[in-house]
Every structure is written in structure tokens, then in C-alpha cells.
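Peer 1: Could you have a look at this structure, given as C-alpha cells, before my questions?
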Amino acid sequence: MDVQANLVHIQNDIQDICNTIGRDPNEISIIAVTKYVTIERTKEAIQSGVTNIGENRTEQFIEKKEAIHEEANWHFIGTLQSRKVRDIVNDVDMIHSLDRKSIANQIENRASKPVDCFIQVNISGEDSKHGLHPSEVEAFIEELRTYEKVRIVGLMTMAPHVDDEDVLRGTFKELADLRDGMQAKNEPHAPCKYLSMGMSNDYKIAIEEGATHIRIGSKLVGS
């Protein structure tokens, strides 16, 4: 698998979509999801021009971060256990899975500087997915008002694994509408500018609905 060719293909997709809908392609960050690939493949991705690496498990995150010295932005995109926050919080650039006060407390107590976080929202309502119910997001953001180390930069969701474009589009649109409402509040601790949504099978639809961070695994680095 040629990671560089895959990256160019995805970048071309982004350019084409943005040309069609009138977005700036520079607004969109590609995060290479490397949980299923080796340290060597992750290095290859960075050397091919990938600037954002996303890991799902704390142990793998630590192992790859310590082994890879190439410059990259590191994103933690998986479910985060409260007791594991201390292991990654000062080595990560963004956390995409904040959905509990206990995690926010650990970030606040353990971080040496403010951490950019996405609140994970379970738009689809599936039991298999983590995240807050959409109705809980506003109150959760309000609860974090006094936290100096937790900066809410956006919202994140995972769409259902279906081929129904209307279902996917509806999921992404609901998250975008929720983000718009939170952003309009102009809270200093929660600028809520970004949308982390879209993966290998649905990133094109996610971009059309406003995604700023797309999380690509198999289509970019393989599985």
C-alpha cells in the first residue's frame, strides 16, 4: 500500500468537494488513524506528508510516540479511561473523546498546559458507541467553565456503519447544528469551532456537512 498515493487521492477528494460546495480545503485536517498498523507504517505516513496521527489506545499511543521522532501532531481518538489520562495528557495535541466529568477532572489535575478537547457526542444513539446524548452537551460545557486546562475546541461523533447516505448525512448535520449552537454562545473556555467526524467510508459526506477533522484509517494507511 502506497500511503503517499492514498494521501494525494484523499487530498484531491477534499479539493473537489470544497470546490463544489464553496469551502476552503485548508479548513480540513486529515488524521491518519494508525491503531491497526505498525510503528514503521506510521513513520511512513509522516514521511509521506501526513501531519496528524490518531491513536485509540493509551499503550499504543505511548509506544508510538516514544518510538517516532518525526514531527507530527498527536490526537487521542479512542475511549479514554480516567486512570489513563495521566499517561498521555502532556504528550497529546488533541483529545477527541471527552465525554465524562471524571476525564475532565483528570485533565485539569494532570495537564501542564491547556489541552484542546472535542466532546464526544453519541448522535446515533447506538448502545455500542460512547459519548454524551446531544441534550447533555450544553450542560456539560457549562460544568467545565471554571476548568483552566480543558479547552473545548469542538464536537466529535461516529456515524453508524451503514450505507444509507441519508442516515450518515443526518448524523453529521445534527452534530454540525449542535456545534453551531454551542459556538454561538461565545464561551471563552469553549470556542467549539471544529467538527471531528467522518472516517474512511463516509468522509466525503462528512466534509459536505462541515467536518474540519476527518479520521482516516484503512483508506490511508491500511489495516
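By convention in this document, the chains of the C-alpha cells carry letters A, B, ... by their order, each chain's residues are numbered from 1, and ligands are numbered from 1 in the order they are shown.
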Would you kindly return, as a ChimeraX atom specification, each protein, DNA or RNA residue with an atom no farther than 7 Å from any atom of segment 58-74 of chain A, considering only C-alpha atoms and excluding same-chain residues fewer than 5 positions away?
Peer 2: /A:39,43,46,51-53,84,88,92-94
Peer 1: Among segment 67-219 of chain A, which ones does DSSP place in alpha helix (DSSP H), written as a PyMOL selection string?
Peer 2: chain A and resi 67+85-88+101-110+137-143+165-183+203-208
Peer 1: If you take only C-alpha atoms and a cut-off of 10 Å, which residues of segment 128-161 of chain A touch segment 210-215 of chain A, and what are their nearest atom pairs and distances in Å to one decimal, in chain and number order, as JSON lines?
Peer 2:
{"residue": "A:Gly154", "atom": "CA", "partner": "A:Thr212", "partner_atom": "CA", "distance": 9.5}
{"residue": "A:Leu155", "atom": "CA", "partner": "A:Ala211", "partner_atom": "CA", "distance": 10.0}
{"residue": "A:Met156", "atom": "CA", "partner": "A:His213", "partner_atom": "CA", "distance": 9.0}
{"residue": "A:Met158", "atom": "CA", "partner": "A:Arg215", "partner_atom": "CA", "distance": 9.9}
Peer 1: Identify, on the basis of only C-alpha atoms, every residue whose closest approach to Glu126 of chain A does not exceed 9 Å; exclude the query and any residue fewer than 4 positions from it along the same chain; express the result as a list in words.
Peer 2: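 With the cut-off at 9 Å, the set is Asn122, His130 and Pro160 of chain A.
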Peer 1: Rounded to one decimal in Å, what is the spacing between atom CA of Lys219 of chain A and atom CA of Gly78 of chain A?
Peer 2: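 Distance reported for this atom pair: 18.5 Å.
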Peer 1: Write out, as JSON lines, each residue of segment 115-202 of chain A that has an atom at most 10 Å from segment 16-32 of chain A, together with the closest pair of atoms and their distance in Å to one decimal, counting only C-alpha atoms, rows going by chain and rising number.
Peer 2:
{"residue": "A:Tyr194", "atom": "CA", "partner": "A:Glu27", "partner_atom": "CA", "distance": 9.3}
{"residue": "A:Leu195", "atom": "CA", "partner": "A:Ile28", "partner_atom": "CA", "distance": 9.5}
{"residue": "A:Ser196", "atom": "CA", "partner": "A:Ser29", "partner_atom": "CA", "distance": 9.2}
{"residue": "A:Met199", "atom": "CA", "partner": "A:Ile31", "partner_atom": "CA", "distance": 9.4}
Peer 1: Just the selected residues (C-alpha atoms), exported as a compact mmCIF listing (two decimals), in the first residue's frame, please.
Peer 2:
# COMPACT_ATOMS: atom_id res chain seq x y z
CA TYR A 194 -14.31 22.29 14.96
CA LEU A 195 -16.14 19.13 13.92
CA SER A 196 -14.33 15.78 14.19
CA MET A 199 -13.93 8.10 8.52
Peer 1: Give me the residues within 12 Å of Val162 of chain A as a ChimeraX atom specification, counting only C-alpha atoms and dropping any in the same chain fewer than 6 places off.
Peer 2: /A:124,168-169,171,201-202
Peer 1: Skipping near chain neighbours, those fewer than 6 positions away, what residues fall within 9 Å of segment 136-146 of chain A using only C-alpha atoms, listed as an NGL selection string?
Peer 2: :A and (99-101 or 104 or 119 or 121 or 152 or 178 or 181-182 or 187-190)
Peer 1: Now that the selection is made, can you save its residues with C-alpha atoms as a short mmCIF file (atom, residue, chain, number, x, y, z; two decimals), in the first residue's frame?
Peer 2:
data_model
loop_
_atom_site.label_atom_id
_atom_site.label_comp_id
_atom_site.auth_asym_id
_atom_site.auth_seq_id
_atom_site.Cartn_x
_atom_site.Cartn_y
_atom_site.Cartn_z
CA ASP A 99 -17.48 12.63 27.49
CA ARG A 100 -17.25 12.40 31.29
CA LYS A 101 -16.56 14.79 34.15
CA ALA A 104 -12.13 16.43 32.62
CA ILE A 119 -16.66 16.49 23.33
CA VAL A 121 -21.48 13.04 21.19
CA ILE A 152 -13.46 22.65 24.27
CA LEU A 178 -25.28 21.31 17.74
CA GLY A 181 -25.42 26.41 18.80
CA MET A 182 -22.50 25.94 21.17
CA GLU A 187 -17.78 30.89 25.72
CA PRO A 188 -14.05 31.61 26.24
CA HIS A 189 -13.41 28.05 27.51
CA ALA A 190 -15.41 26.51 24.67
#
Peer 1: Interatomic distance between atom CA of Glu44 of chain A and atom CA of Asp91 of chain A?
Peer 2: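 Atom CA of Asp91 of chain A lies 20.7 Å from atom CA of Glu44 of chain A.
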